[in-house]
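Here's my_file12.cif, which has mmCIF, C-alpha atoms:
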```cif
data_data
loop_
_atom_site.label_atom_id
_atom_site.label_comp_id
_atom_site.auth_asym_id
_atom_site.auth_seq_id
_atom_site.Cartn_x
_atom_site.Cartn_y
_atom_site.Cartn_z
CA MET A 1 10.79 -9.17 2.17
CA LYS A 2 8.04 -11.72 2.76
CA ALA A 3 4.31 -11.19 3.26
CA THR A 4 1.14 -13.23 3.45
CA LEU A 5 -2.40 -12.19 2.64
CA GLU A 6 -5.37 -14.25 3.76
CA LEU A 7 -9.11 -14.18 3.16
CA VAL A 8 -10.70 -13.70 6.60
CA ASP A 9 -14.45 -13.63 5.97
CA ALA A 10 -16.93 -15.21 3.56
CA ALA A 11 -16.88 -12.08 1.37
CA MET A 12 -13.77 -10.03 0.39
CA ARG A 13 -11.99 -9.03 3.59
CA PHE A 14 -8.27 -9.78 3.51
CA GLU A 15 -5.64 -9.47 6.17
CA GLY A 16 -2.05 -8.86 5.13
CA ARG A 17 0.76 -9.79 7.47
CA ASN A 18 4.42 -8.83 7.43
CA GLU A 19 7.36 -10.90 8.72
CA ARG A 20 6.88 -9.53 12.26
CA GLY A 21 3.17 -10.45 12.35
CA GLN A 22 1.83 -6.89 12.01
CA SER A 23 -1.39 -6.81 10.04
CA THR A 24 -3.07 -4.53 7.53
CA SER A 25 -6.71 -4.96 6.48
CA PHE A 26 -8.40 -4.62 3.11
CA ASP A 27 -12.01 -4.95 1.99
CA ALA A 28 -14.01 -4.39 -1.19
CA ASP A 29 -17.08 -2.37 -2.03
CA PRO A 30 -20.44 -4.13 -1.50
CA ALA A 31 -21.08 -3.57 -5.24
CA VAL A 32 -18.33 -6.11 -6.00
CA GLY A 33 -18.99 -8.53 -3.17
CA GLY A 34 -17.22 -6.87 -0.20
CA ARG A 35 -18.55 -5.58 3.11
CA ASP A 36 -16.68 -2.25 3.24
CA SER A 37 -15.07 -3.12 6.60
CA ALA A 38 -11.66 -1.70 5.65
CA ALA A 39 -9.95 0.36 2.95
CA ARG A 40 -9.60 -0.70 -0.70
CA PRO A 41 -6.23 -1.94 -2.01
CA MET A 42 -5.63 1.12 -4.22
CA GLU A 43 -6.50 3.46 -1.32
CA VAL A 44 -3.94 1.67 0.84
CA LEU A 45 -1.36 1.75 -1.96
CA LEU A 46 -1.76 5.54 -2.15
CA GLN A 47 -1.39 5.83 1.63
CA ALA A 48 1.75 3.64 1.54
CA VAL A 49 3.27 6.11 -0.93
CA MET A 50 2.31 8.98 1.39
CA ALA A 51 3.78 7.21 4.46
CA CYS A 52 7.01 6.41 2.61
CA THR A 53 7.67 10.04 1.67
CA ALA A 54 6.36 11.31 5.04
CA MET A 55 8.97 9.28 6.94
CA ASP A 56 11.78 10.57 4.71
CA VAL A 57 10.69 14.18 5.15
CA LEU A 58 10.24 13.85 8.90
CA SER A 59 13.71 12.27 9.28
CA ILE A 60 15.39 15.00 7.28
CA VAL A 61 13.58 17.84 9.09
CA ARG A 62 14.44 16.34 12.47
CA LYS A 63 18.08 15.83 11.47
CA LYS A 64 18.18 19.59 10.91
CA ARG A 65 16.97 19.90 14.53
CA ARG A 66 13.71 21.59 13.58
CA THR A 67 10.82 21.10 16.00
CA VAL A 68 7.91 19.08 14.62
CA ILE A 69 4.58 19.88 16.31
CA ALA A 70 2.41 18.20 13.68
CA PHE A 71 2.87 16.76 10.22
CA ARG A 72 0.40 15.56 7.65
CA ILE A 73 -0.05 14.95 3.95
CA VAL A 74 -3.29 15.34 2.02
CA ALA A 75 -3.42 13.55 -1.33
CA GLU A 76 -5.62 13.66 -4.39
CA ALA A 77 -5.21 10.93 -6.97
CA GLU A 78 -6.71 10.35 -10.41
CA ARG A 79 -7.08 6.96 -12.02
CA ALA A 80 -7.42 5.77 -15.61
CA ALA A 81 -11.05 5.46 -16.72
CA GLU A 82 -10.54 2.01 -18.25
CA HIS A 83 -8.90 -1.19 -16.93
CA PRO A 84 -6.26 -1.36 -15.63
CA LYS A 85 -7.36 1.62 -13.49
CA VAL A 86 -3.83 2.72 -12.64
CA PHE A 87 -3.05 6.03 -10.98
CA THR A 88 -2.37 8.65 -13.63
CA ARG A 89 -1.80 11.70 -11.43
CA ILE A 90 -1.14 12.19 -7.71
CA HIS A 91 -0.94 15.54 -5.97
CA LEU A 92 0.50 15.72 -2.44
CA ARG A 93 0.04 18.62 -0.05
CA TYR A 94 2.63 18.45 2.77
CA GLU A 95 1.79 20.39 5.95
CA LEU A 96 4.40 20.78 8.67
CA THR A 97 3.51 22.60 11.89
CA SER A 98 6.73 23.90 13.43
CA PRO A 99 7.80 27.02 15.32
CA ASP A 100 11.29 27.05 13.79
CA ALA A 101 11.37 25.26 10.40
CA ALA A 102 11.72 27.45 7.31
CA GLU A 103 9.74 26.69 4.15
CA GLN A 104 13.09 26.00 2.52
CA ASP A 105 13.80 23.20 5.06
CA LEU A 106 10.56 21.47 4.12
CA TYR A 107 11.02 22.01 0.36
CA ARG A 108 14.53 20.59 0.42
CA ALA A 109 13.41 17.55 2.44
CA ILE A 110 10.59 16.83 -0.03
CA GLU A 111 12.93 17.23 -3.01
CA LEU A 112 15.34 14.70 -1.49
CA SER A 113 12.51 12.27 -0.75
CA GLN A 114 10.80 12.54 -4.14
CA GLY A 115 14.06 12.55 -6.09
CA THR A 116 16.31 10.11 -4.23
CA TYR A 117 14.90 8.21 -1.26
CA CYS A 118 11.20 7.45 -1.53
CA SER A 119 11.04 3.98 -3.12
CA ALA A 120 7.26 4.07 -3.34
CA SER A 121 6.98 7.52 -4.98
CA ILE A 122 9.74 6.68 -7.43
CA MET A 123 8.10 3.36 -8.40
CA VAL A 124 4.81 5.17 -8.97
CA ARG A 125 6.50 7.81 -11.11
CA ARG A 126 8.36 5.16 -13.12
CA SER A 127 5.00 3.47 -13.80
CA GLY A 128 3.96 6.59 -15.74
CA CYS A 129 1.97 8.43 -13.06
CA SER A 130 2.88 12.08 -12.43
CA ILE A 131 3.41 13.20 -8.84
CA THR A 132 3.15 16.90 -8.05
CA TRP A 133 3.39 18.50 -4.62
CA GLU A 134 3.10 21.65 -2.58
CA ALA A 135 4.54 22.36 0.87
CA HIS A 136 3.27 24.48 3.73
CA VAL A 137 4.92 25.34 7.04
CA LEU A 138 2.35 26.31 9.65
CA ARG A 139 3.19 28.12 12.88
CA PRO A 140 1.65 26.69 16.02
CA GLU A 141 -0.86 28.93 17.77
CA GLY A 142 -0.14 29.48 21.43
CA PRO A 143 2.26 27.22 23.29
CA GLY A 144 3.36 24.27 21.12
CA VAL A 145 2.00 20.89 22.15
CA VAL A 146 4.12 18.00 20.93
CA VAL A 147 2.04 15.35 19.18
CA GLY A 148 1.84 11.98 20.91
CA MET B 1 -9.57 9.57 -4.71
CA LYS B 2 -8.58 11.54 -1.63
CA ALA B 3 -6.55 10.48 1.39
CA THR B 4 -4.93 12.00 4.44
CA LEU B 5 -1.94 10.78 6.40
CA GLU B 6 -1.17 12.14 9.85
CA LEU B 7 1.68 11.78 12.34
CA VAL B 8 0.09 10.29 15.48
CA ASP B 9 2.96 9.93 17.95
CA ALA B 10 6.19 11.75 18.80
CA ALA B 11 8.20 9.29 16.69
CA MET B 12 7.23 7.91 13.23
CA ARG B 13 3.76 6.38 13.53
CA PHE B 14 1.40 7.57 10.83
CA GLU B 15 -2.27 6.93 10.31
CA GLY B 16 -3.68 7.00 6.80
CA ARG B 17 -7.36 7.66 6.28
CA ASN B 18 -9.53 7.18 3.21
CA GLU B 19 -12.61 9.20 2.24
CA ARG B 20 -14.86 6.98 4.39
CA GLY B 21 -12.68 7.40 7.50
CA GLN B 22 -11.15 3.89 7.44
CA SER B 23 -7.60 3.92 8.70
CA THR B 24 -4.34 2.14 7.95
CA SER B 25 -1.29 2.38 10.22
CA PHE B 26 2.40 2.69 9.41
CA ASP B 27 5.50 2.85 11.59
CA ALA B 28 9.26 2.85 11.10
CA ASP B 29 12.10 0.76 12.45
CA PRO B 30 13.60 1.93 15.76
CA ALA B 31 16.94 2.23 13.88
CA VAL B 32 15.48 5.19 11.95
CA GLY B 33 13.43 6.73 14.74
CA GLY B 34 10.26 4.62 14.75
CA ARG B 35 8.70 2.41 17.42
CA ASP B 36 7.80 -0.60 15.24
CA SER B 37 4.12 -0.39 16.23
CA ALA B 38 2.86 -1.13 12.70
CA ALA B 39 4.08 -2.24 9.28
CA ARG B 40 6.53 -0.28 7.11
CA PRO B 41 5.25 1.63 4.05
CA MET B 42 6.91 -0.72 1.52
CA GLU B 43 5.52 -3.78 3.34
CA VAL B 44 2.05 -2.28 3.11
CA LEU B 45 2.57 -1.37 -0.55
CA LEU B 46 3.42 -5.02 -1.29
CA GLN B 47 0.32 -6.18 0.61
CA ALA B 48 -1.86 -3.68 -1.30
CA VAL B 49 -0.64 -5.26 -4.55
CA MET B 50 -1.48 -8.71 -3.14
CA ALA B 51 -4.95 -7.58 -2.01
CA CYS B 52 -5.68 -5.99 -5.38
CA THR B 53 -4.95 -9.17 -7.34
CA ALA B 54 -6.54 -11.37 -4.63
CA MET B 55 -9.89 -9.57 -5.00
CA ASP B 56 -9.81 -9.96 -8.79
CA VAL B 57 -9.04 -13.65 -8.59
CA LEU B 58 -11.67 -14.32 -5.94
CA SER B 59 -14.33 -12.48 -7.97
CA ILE B 60 -13.54 -14.42 -11.12
CA VAL B 61 -13.43 -17.80 -9.35
CA ARG B 62 -16.76 -17.09 -7.63
CA LYS B 63 -18.36 -15.92 -10.89
CA LYS B 64 -17.54 -19.39 -12.24
CA ARG B 65 -19.51 -20.72 -9.25
CA ARG B 66 -16.52 -22.48 -7.73
CA THR B 67 -16.59 -22.95 -3.94
CA VAL B 68 -13.94 -21.02 -2.03
CA ILE B 69 -13.02 -22.59 1.31
CA ALA B 70 -9.83 -20.58 1.83
CA PHE B 71 -7.67 -18.30 -0.25
CA ARG B 72 -4.27 -16.81 0.42
CA ILE B 73 -1.23 -15.37 -1.30
CA VAL B 74 2.34 -15.64 -0.06
CA ALA B 75 4.79 -13.12 -1.51
CA GLU B 76 8.52 -12.73 -1.68
CA ALA B 77 9.92 -9.42 -2.84
CA GLU B 78 13.43 -8.21 -3.59
CA ARG B 79 14.51 -4.58 -3.44
CA ALA B 80 17.33 -2.60 -5.03
CA ALA B 81 20.44 -2.47 -2.84
CA GLU B 82 20.88 1.30 -3.30
CA HIS B 83 18.45 4.24 -2.98
CA PRO B 84 15.77 4.41 -4.17
CA LYS B 85 15.16 0.89 -2.80
CA VAL B 86 12.41 0.04 -5.27
CA PHE B 87 11.05 -3.47 -5.68
CA THR B 88 12.96 -5.26 -8.43
CA ARG B 89 11.25 -8.67 -8.30
CA ILE B 90 8.05 -9.96 -6.71
CA HIS B 91 6.99 -13.61 -6.65
CA LEU B 92 3.41 -14.47 -5.70
CA ARG B 93 2.20 -17.90 -4.65
CA TYR B 94 -1.61 -18.12 -4.91
CA GLU B 95 -3.27 -20.87 -2.85
CA LEU B 96 -6.97 -21.61 -3.31
CA THR B 97 -8.65 -24.25 -1.17
CA SER B 98 -11.70 -25.49 -3.04
CA PRO B 99 -13.47 -28.83 -3.51
CA ASP B 100 -14.52 -28.09 -7.09
CA ALA B 101 -12.17 -25.52 -8.71
CA ALA B 102 -9.78 -26.82 -11.37
CA GLU B 103 -6.19 -25.55 -11.54
CA GLN B 104 -7.14 -24.08 -14.91
CA ASP B 105 -9.87 -21.94 -13.26
CA LEU B 106 -7.31 -20.43 -10.91
CA TYR B 107 -4.67 -19.96 -13.62
CA ARG B 108 -7.09 -18.19 -15.94
CA ALA B 109 -8.29 -15.90 -13.13
CA ILE B 110 -4.70 -14.93 -12.26
CA GLU B 111 -3.84 -14.31 -15.92
CA LEU B 112 -6.85 -11.97 -16.23
CA SER B 113 -5.90 -10.15 -13.03
CA GLN B 114 -2.20 -9.77 -13.81
CA GLY B 115 -2.77 -8.93 -17.48
CA THR B 116 -5.90 -6.77 -17.48
CA TYR B 117 -7.51 -5.84 -14.18
CA CYS B 118 -5.05 -5.46 -11.32
CA SER B 119 -4.14 -1.75 -11.28
CA ALA B 120 -1.56 -2.24 -8.54
CA SER B 121 0.27 -5.18 -10.16
CA ILE B 122 0.31 -3.46 -13.52
CA MET B 123 1.68 -0.21 -12.02
CA VAL B 124 4.42 -2.21 -10.30
CA ARG B 125 5.30 -4.04 -13.51
CA ARG B 126 5.34 -0.77 -15.48
CA SER B 127 7.80 0.63 -12.90
CA GLY B 128 10.31 -2.01 -14.02
CA CYS B 129 9.73 -4.67 -11.34
CA SER B 130 9.11 -8.22 -12.56
CA ILE B 131 6.14 -10.11 -11.11
CA THR B 132 6.15 -13.91 -11.36
CA TRP B 133 3.57 -16.27 -9.89
CA GLU B 134 2.57 -19.83 -9.22
CA ALA B 135 -0.90 -21.19 -8.46
CA HIS B 136 -2.03 -24.09 -6.31
CA VAL B 137 -5.49 -25.53 -5.80
CA LEU B 138 -5.75 -27.40 -2.51
CA ARG B 139 -8.54 -29.84 -1.70
CA PRO B 140 -10.15 -29.42 1.71
CA GLU B 141 -9.60 -32.29 4.12
CA GLY B 142 -12.77 -33.68 5.60
CA PRO B 143 -15.99 -31.65 5.43
CA GLY B 144 -15.38 -28.15 4.06
CA VAL B 145 -15.75 -25.32 6.54
CA VAL B 146 -16.53 -22.00 4.92
CA VAL B 147 -14.22 -19.25 6.16
CA GLY B 148 -15.88 -16.47 8.14
#
```

For the file at hand, write its structure as structure tokens.
Amino acid sequence: MKATLELVDAAMRFEGRNERGQSTSFDADPAVGGRDSAARPMEVLLQAVMACTAMDVLSIVRKKRRTVIAFRIVAEAERAAEHPKVFTRIHLRYELTSPDAAEQDLYRAIELSQGTYCSASIMVRRSGCSITWEAHVLRPEGPGVVVG
Amino acid sequence: MKATLELVDAAMRFEGRNERGQSTSFDADPAVGGRDSAARPMEVLLQAVMACTAMDVLSIVRKKRRTVIAFRIVAEAERAAEHPKVFTRIHLRYELTSPDAAEQDLYRAIELSQGTYCSASIMVRRSGCSITWEAHVLRPEGPGVVVG
């Protein structure tokens, strides 16, 4: 995998680019010379971990032919007080809205992701950060509206 | 730190959001059910590592009152062949365009970032992935034009 990252203003805004030209933006806090025009690198790293496990879970739930009305993850992360300010603890709350998925379907999908497939979560755990999670299946109210 | 990640189409596009509402997009390959409308989670994770160290290096170089005309990082990353497909090796090429920075200024800044400050790089290294780097100071051709 190749990537480039380029400074794109006179302060601290950077644009990352993958091999297909798709970009991701980063900026710093004004207190350290940025303009707060985009997320911080460690915020984006956390969201990349969330997206990695989210895609695993969604794939597995859909392979079981469960209907996905909505899906989200809410994360809380703690960092070390001193440099390097690594993540020390991440808690993920998975929320699947589905008329037909059982809690067990979601639990099993998360276990497979966190234990076997999710490269990002497993790297974070190997770095010494704990990852805990909880899972909730919500029933849609009224007629289900498919997201997107 | 808090973050949310939400499915925003009927396929695999996710939008991450930080506490200030700034968003970052992710999508999957069509081969696994995505629409390739944004970068993959592991691509974004790599770019977050690059942005984290880039901001350190830029801060340190500017504190030494060196002029920054342009700054970029080019990365190559290798992943494990089997699940979990963690990064096993990352090589970073730092390129600073400056009329007055010495190579030693850039080297020292990278050493400080990689050894002490860059939370993302240090987490990746602690996970078992090697990070190597090279540094290049380029002289601007003709009159320097400040980026941004």

Task: Distance-based interface of chain A with chain B, 6 Å, counting only C-alpha atoms, as a VMD selection string - done: chain A and resid 1 to 7 9 to 10 16 22 38 to 39 41 45 47 to 48 51 to 52 71 to 77 83 to 86 116 to 117 119 123 126 to 127 147 to 148

TODO: Tell me, in Å to one decimal, how far CA of Tyr107 in chain B is from CA of Ala81 in chain A.
DONE: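 CA of Ala81 in chain A lies at a distance of 26.4 Å from CA of Tyr107 in chain B.
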
TODO: Record the distance separating CA of Arg139 in chain A and CA of Ala101 in chain A, expressed in Å with one decimal.
DONE: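 Atom-to-atom, CA of Arg139 in chain A to CA of Ala101 in chain A, that is 9.0 Å.
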
Task: Coordinates-based distance that separates CA of Ile60 in chain B from CA of Ala102 in chain B (Å, one decimal) - done: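 CA of Ile60 in chain B lies at a distance of 13.0 Å from CA of Ala102 in chain B.
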
So that I can see what lies close to Asp105 in chain B, please list as a tab-separated table (two decimals) with C-alpha atoms, in the coordinates of the input the residues with an atom at most 10 Å from it, counting all atoms listed in the file and leaving out residues fewer than 3 positions away in the same chain.
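Listed below is the output, out-v3.tsv:
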```
chain	number	residue	atom	x	y	z
B	57	VAL	CA	-9.04	-13.65	-8.59
B	60	ILE	CA	-13.54	-14.42	-11.12
B	61	VAL	CA	-13.43	-17.80	-9.35
B	64	LYS	CA	-17.54	-19.39	-12.24
B	66	ARG	CA	-16.52	-22.48	-7.73
B	100	ASP	CA	-14.52	-28.09	-7.09
B	101	ALA	CA	-12.17	-25.52	-8.71
B	102	ALA	CA	-9.78	-26.82	-11.37
B	108	ARG	CA	-7.09	-18.19	-15.94
B	109	ALA	CA	-8.29	-15.90	-13.13
B	110	ILE	CA	-4.70	-14.93	-12.26
B	137	VAL	CA	-5.49	-25.53	-5.80
```

Give the centre and edge lengths of an axis-aligned box, in Å to one decimal, that holds all listed atoms of range 8-20 of chain B with 3 Å on each side, as lines of an AutoDock Vina configuration file.
```
center_x = -3.3
center_y = 9.1
center_z = 10.5
size_x = 29.1
size_y = 11.4
size_z = 22.6
```
